[in-house]
Number of protein chains: 2
Amino acid sequence: MYITDFSLNLPQNILFGKNSFKKLPALIPKYGKNVLILTGKKSFFQTIHWRNKLKNQLEKGNIQFIHQTVSGEPTVSDIDQKVIELDKTPIDLVISIGGGSVMDTGKAVSAMLKEKKSIIHFLEGVGDREPSGDKVPHIAIPTTAGTGSEVTKNAVISQVGEQGFKKSLRHDHYIPDIAIIDPELYLNCPLSIAASCGMDMFSQLLESYLSIKGNYFTDNLAENAIRLIVDAFIPSITTHADQVEYKSKMAYATMISGITLANAGLGSIHGIAGIMGGFFLIPHGVICGTLLGEVNSAMIDILLDKRDDPVTLQKYLAIGKLFSQNSEDEKEILSNLLKVFENWLKVLDMPRFSQYGLTEDDLKKVAEKSSNKNNPIQFSNDELFQLLKKRL
Amino acid sequence: MYITDFSLNLPQNILFGKNSFKKLPALIPKYGKNVLILTGKKSFFQTIHWRNKLKNQLEKGNIQFIHQTVSGEPTVSDIDQKVIELDKTPIDLVISIGGGSVMDTGKAVSAMLKEKKSIIHFLEGVGDREPSGDKVPHIAIPTTAGTGSEVTKNAVISQVGEQGFKKSLRHDHYIPDIAIIDPELYLNCPLSIAASCGMDMFSQLLESYLSIKGNYFTDNLAENAIRLIVDAFIPSITTHADQVEYKSKMAYATMISGITLANAGLGSIHGIAGIMGGFFLIPHGVICGTLLGEVNSAMIDILLDKRDDPVTLQKYLAIGKLFSQNSEDEKEILSNLLKVFENWLKVLDMPRFSQYGLTEDDLKKVAEKSSNKNNPIQFSNDELFQLLKKRL
């Protein structure tokens, strides 16, 4: 066996664990005295972590900070507006504390503070310029086990509507300078958010593991992260959502999903979600979660039927075995894996597309524009449409 | 199970595989036109890789380069001399192509070109200043499966003799900007060098895996790298040393050993090697290799006897099982693992200390100064002396 060629672009600094957030204040002074703090609308500022671990420390250290809030997945005008508001305010460091939307806003604002132009110019596929990579230093602190944005180099920026898109601002330098991953910050996340974030994260792990761009390094990490959360996934969101032990496993798996997606790419589910999220206001994690069962079921059917891709089939079996440790029977392992996914959708109450007002015509439009990214099976647009319809 | 707290400091860019070296010329221009190339004495300049993949490309691109050679493990005066030679020569990029000594020289020179002082001021434990982290960009390209220096943040600098030492120049920024890991460059490495490098690398993996500072991320990577080389280790150095397939596994495992040692630390073998290498001119890999069997044998004896460290015992069993896949018997697995190590020493003809002229008194002096680093078992100086004597 050769180890096939690969390239890796990795995050430089990660602090992980339930004592990591309290290390933040000591890290700030080396960047300067003026900090931009980005949080979600349900403000982090209400929490004990802010009061006990950050606020006093900032005051003691004579650190000036500006606070901006982020609501929903960031749009072109959100980012431009935030940068304009900061005009003439010196910012030495951006700290983003929240979910993927907040951290992506952190990446985008920290970069645009240097580019001094609308972000639309720098977005892949719609812009007319390459980003320089210059940015204000950025520390990302996730509070949901979702996107893994704390360790990736892109920010996903949307424009929702008829001409809508979801496109990336991307540069190696946009990986946050430091990711602080503290599972205590993940506690008490509302169930519906934890559910959609968790489904997004799991799909990121599975898609990057199955990706045709996967490599020995990312495969190893992804498989091991899935192994870690087999028993923790549902409890961490539902029955044990108040236990750091469970959240720490989800936080770790999320970090790994960010590393693997950034280095191995993603598959058809994210190929659909990127398009659908540009047209319609549906949370990204809901799209990924609601499609998890159907897309993987279709892939496994094709693999068993054609038997022309033993590598991917073996990978499904490796994942399947993590969920059925005592079985050696191929069909049993795979059908059990699909039952697990089916059960997750039920337990986590993953919405259908119609609950967001989508019609069959809407799904057709989405299917026509969707890509399979690095999926090992390349579905036709009609096949994608049939899959989408099953979740209407 | 909690995932215990950890911090990671990772390399930013890695190009891995048998087509990666040829990507080097395209990477140079973004840094500038003036390049310092460091190689070993047995010059890389004699190889087909230089002629076919780099020389013409540099000429075409109008890239000016200066060539310096490195012989042996770098000393304070080696580094100072190289920096003085480059005075007034603008250097935009340092490229180090060789073993650990060459890459460590690359790290040290790229940093000292900015510090403009003798490196002795910046060495841990002997210097009087902290390095600033400022450096000339550095691309590291290993040609031996040994130290993993291509992905670590420290350069080991020696001063050999009565007052000798081996100390690190260390800063997060000293991780090479890009590591190019091309297993074709590892082909045809002389057996004695491949053997000592391989033993150093394997011990790095095992020591960091067993380290009390190990974490879920490094444990996963280390175990998986060892799994990869179980069948490839000896053939890659001996019977199959001309096959890229084998070298690619060793190259991968070496890269991982660099990541794990930098983030989990090392144990008693490297605690001894650091001291011995300061006093005596013995290759670092020989010290690690010759001690592999005895130190691990002593550790396993203590673990089985005291039964007070189930975590480390389980780790030894996990590694042992990779070498005896059909056994479930604890004693059998562990004794087989030690037989494997014993056999490696024989097959690779690992020298004894007396072959380098060392006496019992010399070993006593080494044992007195040695540390156990992050070894799970803390040997006394007398215990270390007894272990060293077994390899006199």
# chains A, B, ... in the order shown; residues from 1 in each chain; ligands from 1
>>> closest_atom_pairs(of="chain A", to="chain B", cutoff="6 Å", atoms="only C-alpha atoms", output="JSON lines")
{"residue": "A:Tyr2", "atom": "CA", "partner": "B:Glu245", "partner_atom": "CA", "distance": 5.0}
{"residue": "A:Asp5", "atom": "CA", "partner": "B:Gly17", "partner_atom": "CA", "distance": 4.1}
{"residue": "A:Phe6", "atom": "CA", "partner": "B:Phe16", "partner_atom": "CA", "distance": 5.3}
{"residue": "A:Ser7", "atom": "CA", "partner": "B:Leu15", "partner_atom": "CA", "distance": 4.4}
{"residue": "A:Leu8", "atom": "CA", "partner": "B:Ile14", "partner_atom": "CA", "distance": 5.0}
{"residue": "A:Asn9", "atom": "CA", "partner": "B:Asn13", "partner_atom": "CA", "distance": 4.7}
{"residue": "A:Leu10", "atom": "CA", "partner": "B:Gln12", "partner_atom": "CA", "distance": 4.8}
{"residue": "A:Gln12", "atom": "CA", "partner": "B:Leu10", "partner_atom": "CA", "distance": 4.8}
{"residue": "A:Asn13", "atom": "CA", "partner": "B:Asn9", "partner_atom": "CA", "distance": 4.7}
{"residue": "A:Ile14", "atom": "CA", "partner": "B:Leu8", "partner_atom": "CA", "distance": 5.0}
{"residue": "A:Leu15", "atom": "CA", "partner": "B:Ser7", "partner_atom": "CA", "distance": 4.4}
{"residue": "A:Phe16", "atom": "CA", "partner": "B:Phe6", "partner_atom": "CA", "distance": 5.3}
{"residue": "A:Gly17", "atom": "CA", "partner": "B:Asp5", "partner_atom": "CA", "distance": 4.1}
{"residue": "A:Glu245", "atom": "CA", "partner": "B:Tyr2", "partner_atom": "CA", "distance": 4.9}
>>> write_last_selection(atoms="C-alpha atoms", output="mmCIF file, in the first residue's frame")
data_model
loop_
_atom_site.group_PDB
_atom_site.id
_atom_site.type_symbol
_atom_site.label_atom_id
_atom_site.label_comp_id
_atom_site.auth_asym_id
_atom_site.auth_seq_id
_atom_site.Cartn_x
_atom_site.Cartn_y
_atom_site.Cartn_z
ATOM 1 C CA TYR A 2 1.267 3.429 -0.970
ATOM 2 C CA ASP A 5 0.047 12.094 -2.010
ATOM 3 C CA PHE A 6 -1.667 14.722 0.072
ATOM 4 C CA SER A 7 -1.236 18.224 1.337
ATOM 5 C CA LEU A 8 -2.259 19.457 4.760
ATOM 6 C CA ASN A 9 -3.080 22.904 5.959
ATOM 7 C CA LEU A 10 -3.450 22.751 9.723
ATOM 8 C CA GLN A 12 -1.417 26.418 14.369
ATOM 9 C CA ASN A 13 -2.633 26.698 17.943
ATOM 10 C CA ILE A 14 -5.413 24.877 19.747
ATOM 11 C CA LEU A 15 -6.249 25.034 23.433
ATOM 12 C CA PHE A 16 -8.674 22.254 24.287
ATOM 13 C CA GLY A 17 -10.477 21.353 27.483
ATOM 14 C CA GLU A 245 -17.816 14.736 29.674
#
>>> select_by_dssp(residues="stretch 216-338 of chain A", states="alpha helix (DSSP H)", output="PyMOL selection string")
chain A and resi 216-229+233-237+244-264+268-279+284-306+310-323+330-338
>>> closest_atom_pairs(of="stretch 217-250 of chain A", to="stretch 310-323 of chain A", cutoff="12 Å", atoms="only C-alpha atoms", output="tab-separated table")
residue	atom	partner	partner_atom	distance
A:Asp219	CA	A:Lys315	CA	9.2
A:Asn220	CA	A:Lys315	CA	11.2
A:Ala222	CA	A:Ile319	CA	9.9
A:Glu223	CA	A:Ile319	CA	7.0
A:Asn224	CA	A:Ile319	CA	9.7
A:Ala225	CA	A:Ile319	CA	10.7
A:Ile226	CA	A:Ile319	CA	7.6
A:Arg227	CA	A:Leu322	CA	6.1
A:Leu228	CA	A:Leu322	CA	9.4
A:Ile229	CA	A:Leu322	CA	9.8
A:Val230	CA	A:Phe323	CA	6.6
A:Asp231	CA	A:Phe323	CA	8.6
A:Ala232	CA	A:Phe323	CA	11.8
A:Phe233	CA	A:Phe323	CA	11.7
>>> select_by_dssp(residues="stretch 160-345 of chain A", states="strand (DSSP E or B)", output="list in words")
Phe165, Lys166, Lys167, Ser168, Leu169, Arg170, Ile178, Ala179, Ile180 and Ile181 of chain A
>>> residues_around(residues="stretch 197-211 of chain B", least_positions_apart="3", cutoff="7 Å", atoms="only C-alpha atoms", output="JSON, numbers by chain")
{"B": [144, 145, 146, 147, 193, 194, 214, 219, 222, 254, 257, 260, 261, 264, 265, 266, 267, 285, 288, 289, 292, 312, 315, 374, 375, 376]}
>>> residues_around(residues="B:Ile37", least_positions_apart="3", cutoff="6 Å", atoms="only C-alpha atoms", output="VMD selection string")
chain B and resid 67 95 to 96
>>> residues_around(residues="B:Gly61", least_positions_apart="5", cutoff="9 Å", atoms="only C-alpha atoms", output="list in words")
Pro25, Pro29, Lys33 and Asn56 of chain B
>>> atom_distance(atom1="atom CA of B:Ile237", atom2="atom CA of B:Met250")
9.3 Å
>>> closest_residue(among="A:Thr47, A:Ser327, A:Ser110, A:Gln159", to="A:Tyr174", atoms="only C-alpha atoms")
A:Ser110
>>> closest_residue(among="A:Leu86, A:Ala298, A:Leu185, A:Leu123", to="A:Phe21", atoms="only C-alpha atoms")
A:Leu185
>>> atom_distance(atom1="atom CA of A:Val70", atom2="atom CA of A:Leu363")
28.7 Å
>>> closest_residue(among="A:Glu360, A:Glu368, A:Asp329, A:Glu124", to="A:Lys390", atoms="only C-alpha atoms")
A:Glu360
>>> atom_distance(atom1="atom CA of A:Asp104", atom2="atom CA of A:Asn154")
7.4 Å
>>> residues_around(residues="A:Ser370", least_positions_apart="2", cutoff="10 Å", atoms="only C-alpha atoms", output="ChimeraX atom specification")
/A:268-276,364-368,372-373,379-381,384-385
